[in-house]
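Student: Below is one structure. I have some questions about it.
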Amino acid sequence: MRRIAIVGAGQAGLQLALGLRSEGYEVTVVSARTAEEIRSGQVLSTQVMFGPALALERAAGLHLWEEQAPWIDGLDLCYAAEPGTPTLSFSAPFDGAAQSVDQRLKMAGWLELFEERGGRVEHRAVPADGLGPLAAEYDLTLVAAGRGGLAEVFTRDERHSPYEAPQRTLACVYLHGVTAPERHPDAVGPRMRVLATPGAGECIVMPALTLSGPCDILLWEATPGGPYDCWQDRPGAQALAKRSLELMRTYAPWEYERFAAAEPTDPQAVLFGSITPAVRHPVAEVAPGSYVLGMADTVVVNDPIAGQGANNAAHCAASYLRSITDHGDRRFDRPWMQRAFAAFWERARHASAFSNAMLAPPEHVARALNAASRHAEVAHRFANVYVDPFDAPEWIMDADRTEAYLAAGG
């Protein structure tokens with residue numbers, strides 16, 4: 001039986017671990033925290049899983065909260081050239097509703113499920129110099145430890161890493177008591193709401209499920225040095241919610257009343273940070289002739305502005321599972337690792353390019369958004385780039401193609 005180790009207990013690592021167990025592999029997950037420590041800790045992300053990623057979970061029998069989590073029907077986008085004054089807006093459905101489940105709930109549940117299905121869990125941190133001894137014990141070792149110190153063993157790929165510094169500072173809080181806008185009559189649920197204000201950044205609202213039931217996630221994507229960039233003191237949940245109201249009063253007054261009575265879901269329901277979007281070379285030599293393979297945002301990290309992080313992780317896990325099972329009993333050598341990543345990169349490259357473009361939209365993207373505010377077909381196509389970024393190069397990532405599409409009446 002082939003023995004595989006996965007360092008990290010997030011979306012990518014646990015989804016792959018559970019998939020490998022279902023195929024009969026002997027799998028060890030190395031997690032720095034227990035399921036209970038994850039469940040009782042700080043929120044981990046602002047995840048929204050779009051239809052294709054949810055389909056992967058459903059096919060693997062991992063859709064454990066599908067009946068409890070609210071369905072997210074589509075995207076509402078508002079652009080305000082002046083603070084508090086919408087310049088353009090549109091609303092469009094997703095092709096297949098999305099969902100968001102607090103990763104404290106999800107990862108704790110999956111970790112327990114992995115053990116129930118015969119997986120082995122080691123609760124310990126793995127330093128960079130510990131990867132060599134670990135890899136020596138297994139046929140294949142994968143690193144799914146996110147953007148922490150272990151990511152540094154994978155060298156930066158300058159070809160696909162246009163930024164040297166974070167383009168946004170981030171703050172989020174999970175809230176109960178947010179009043180939803182009136183729902184479109186054909187919608188199956190509320191929509192993800194995005195407000196973009198030049199010089200300030202973005203305010204994003206996502207319906208979700210947390211430990212205490214349905215909630216809303218409020219994410220501030222702050223342009224460094226702008227008015228949203230006010231989280232250096234890392235306030236607690238109550239203070240973050242109060243400061244958010246102050247920002248909304250000026251920059252999103254139509255949202256202010258919806259949040260006026262909201263309360264944090266729990267004291268740990270806050271998260272701060274900043275991310276430098278980057279792509280790393282996926283294979284690292286951790287001892288002479290011994291290699292490990294990076295997964296998901298360990299090697300492909302995007303700013304959350306386009307919601308691609310958890311989706312990339314799900315697609316990475318599914319892609320790596322196919323590569324592993326198709327490889328049979330052959331050795332997991334460096335060329336195989338490169339091929340496994342290349343198969344995942346076919347999707348991830350489009351997600352990265354789209355996410356990076358949304359951080360600094362070029363002029364042709366602005367024209368497409370303007371057209372989306374007037375034409376439902378354009379709005380629908382734009383909303384669904386979030387769902388499936390494969391479509392992005394066909395029209396939104398290239399100025400000539402965008403102009404041709406809009407000129408044809410798109």
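By convention here, the chains of the structure tokens are called A, B, ... in the order presented, each chain's residues are numbered starting at 1, and ligands are numbered starting at 1 in the order presented.
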Contacts of A:Ala59 at 12 Å or less, counting only C-alpha atoms, minus same-chain residues fewer than 6 places along, as a PyMOL selection string?

Tutor: chain A and resi 15+18-19+22+52-53+314+318

Student: Write the selection just made, keeping all heavy atoms, as a PDB file, in the first residue's frame?

Tutor:
ATOM      1  N   GLN A  15      -9.173  17.626   1.837  1.00  0.00           N
ATOM      2  CA  GLN A  15      -9.948  17.081   0.722  1.00  0.00           C
ATOM      3  C   GLN A  15      -9.147  16.004   0.005  1.00  0.00           C
ATOM      4  O   GLN A  15      -9.683  14.935  -0.337  1.00  0.00           O
ATOM      5  CB  GLN A  15     -10.337  18.199  -0.248  1.00  0.00           C
ATOM      6  CG  GLN A  15     -11.197  17.718  -1.414  1.00  0.00           C
ATOM      7  CD  GLN A  15     -11.570  18.842  -2.360  1.00  0.00           C
ATOM      8  OE1 GLN A  15     -11.801  19.977  -1.958  1.00  0.00           O
ATOM      9  NE2 GLN A  15     -11.622  18.540  -3.646  1.00  0.00           N
ATOM     10  N   LEU A  18      -8.859  12.803   2.319  1.00  0.00           N
ATOM     11  CA  LEU A  18     -10.089  12.014   2.327  1.00  0.00           C
ATOM     12  C   LEU A  18     -10.287  11.288   0.996  1.00  0.00           C
ATOM     13  O   LEU A  18     -10.741  10.140   0.966  1.00  0.00           O
ATOM     14  CB  LEU A  18     -11.275  12.918   2.648  1.00  0.00           C
ATOM     15  CG  LEU A  18     -11.370  13.311   4.127  1.00  0.00           C
ATOM     16  CD1 LEU A  18     -12.135  14.614   4.298  1.00  0.00           C
ATOM     17  CD2 LEU A  18     -12.029  12.194   4.934  1.00  0.00           C
ATOM     18  N   GLY A  19      -9.938  11.958  -0.100  1.00  0.00           N
ATOM     19  CA  GLY A  19     -10.034  11.298  -1.397  1.00  0.00           C
ATOM     20  C   GLY A  19      -9.087  10.115  -1.515  1.00  0.00           C
ATOM     21  O   GLY A  19      -9.450   9.056  -2.049  1.00  0.00           O
ATOM     22  N   SER A  22     -10.355   7.120   0.396  1.00  0.00           N
ATOM     23  CA  SER A  22     -11.424   6.410  -0.306  1.00  0.00           C
ATOM     24  C   SER A  22     -10.874   5.516  -1.411  1.00  0.00           C
ATOM     25  O   SER A  22     -11.539   4.566  -1.837  1.00  0.00           O
ATOM     26  CB  SER A  22     -12.429   7.405  -0.894  1.00  0.00           C
ATOM     27  OG  SER A  22     -11.866   8.125  -1.984  1.00  0.00           O
ATOM     28  N   PRO A  52     -18.695  24.746  -9.232  1.00  0.00           N
ATOM     29  CA  PRO A  52     -17.799  23.635  -9.594  1.00  0.00           C
ATOM     30  C   PRO A  52     -17.037  23.052  -8.413  1.00  0.00           C
ATOM     31  O   PRO A  52     -16.851  21.838  -8.335  1.00  0.00           O
ATOM     32  CB  PRO A  52     -16.848  24.296 -10.608  1.00  0.00           C
ATOM     33  CG  PRO A  52     -17.642  25.405 -11.213  1.00  0.00           C
ATOM     34  CD  PRO A  52     -18.473  25.940 -10.080  1.00  0.00           C
ATOM     35  N   ALA A  53     -16.598  23.899  -7.471  1.00  0.00           N
ATOM     36  CA  ALA A  53     -15.898  23.393  -6.287  1.00  0.00           C
ATOM     37  C   ALA A  53     -16.862  22.628  -5.381  1.00  0.00           C
ATOM     38  O   ALA A  53     -16.506  21.581  -4.815  1.00  0.00           O
ATOM     39  CB  ALA A  53     -15.243  24.540  -5.528  1.00  0.00           C
ATOM     40  N   ALA A 314      -9.773  23.444  -3.620  1.00  0.00           N
ATOM     41  CA  ALA A 314     -10.606  22.292  -3.961  1.00  0.00           C
ATOM     42  C   ALA A 314     -10.210  21.697  -5.303  1.00  0.00           C
ATOM     43  O   ALA A 314     -10.126  20.469  -5.461  1.00  0.00           O
ATOM     44  CB  ALA A 314     -12.076  22.711  -3.979  1.00  0.00           C
ATOM     45  N   ALA A 318      -8.558  17.904  -6.125  1.00  0.00           N
ATOM     46  CA  ALA A 318      -9.152  16.994  -7.100  1.00  0.00           C
ATOM     47  C   ALA A 318      -8.167  16.655  -8.212  1.00  0.00           C
ATOM     48  O   ALA A 318      -8.075  15.495  -8.651  1.00  0.00           O
ATOM     49  CB  ALA A 318     -10.419  17.617  -7.685  1.00  0.00           C
TER      50      ALA A 318
END

Student: Residues near stretch 342-357 of chain A, anyone? I mean within 10 Å using only C-alpha atoms, not counting same-chain ones fewer than 6 positions away, as an MDAnalysis selection string.

Tutor: chainID A and resid 160:163 167 277:279 282 295:296 300:309 311:313 315:320 322:323 336 365 385:393 396:397

Student: Could you give me, as a tab-separated table, every stretch 259-312 of chain A residue with an atom at most 7 Å from stretch 36-42 of chain A, plus its closest atom pair and distance in Å to one decimal, counting only C-alpha atoms, rows ordered by chain then number?

Tutor:
residue	atom	partner	partner_atom	distance
A:Gln268	CA	A:Gln42	CA	4.5
A:Ala269	CA	A:Gln42	CA	6.1
A:Val270	CA	A:Gln42	CA	6.8

Student: Figure out the distance between atom CA of A:Phe90 and atom CA of A:Asp216, please, to one decimal in Å.

Tutor: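 Atom CA of A:Phe90 lies 20.5 Å from atom CA of A:Asp216.
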
Student: To one decimal in Å, tell me the separation between atom CA of A:Ala383 and atom CA of A:Ser91.

Tutor: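 Taking atom CA of A:Ala383 as the start and atom CA of A:Ser91 as the end point, the length is 8.4 Å.
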
Student: Would you mind listing, for every residue of stretch 286-390 of chain A within 7 Å of stretch 146-157 of chain A, the two atoms forming the shortest contact and the distance between them in Å to one decimal, using only C-alpha atoms, sorted by chain and ascending residue number, as a tab-separated table?

Tutor:
residue	atom	partner	partner_atom	distance
A:Asp297	CA	A:Gly146	CA	5.3
A:Thr298	CA	A:Gly146	CA	4.5
A:Val299	CA	A:Ala151	CA	6.9
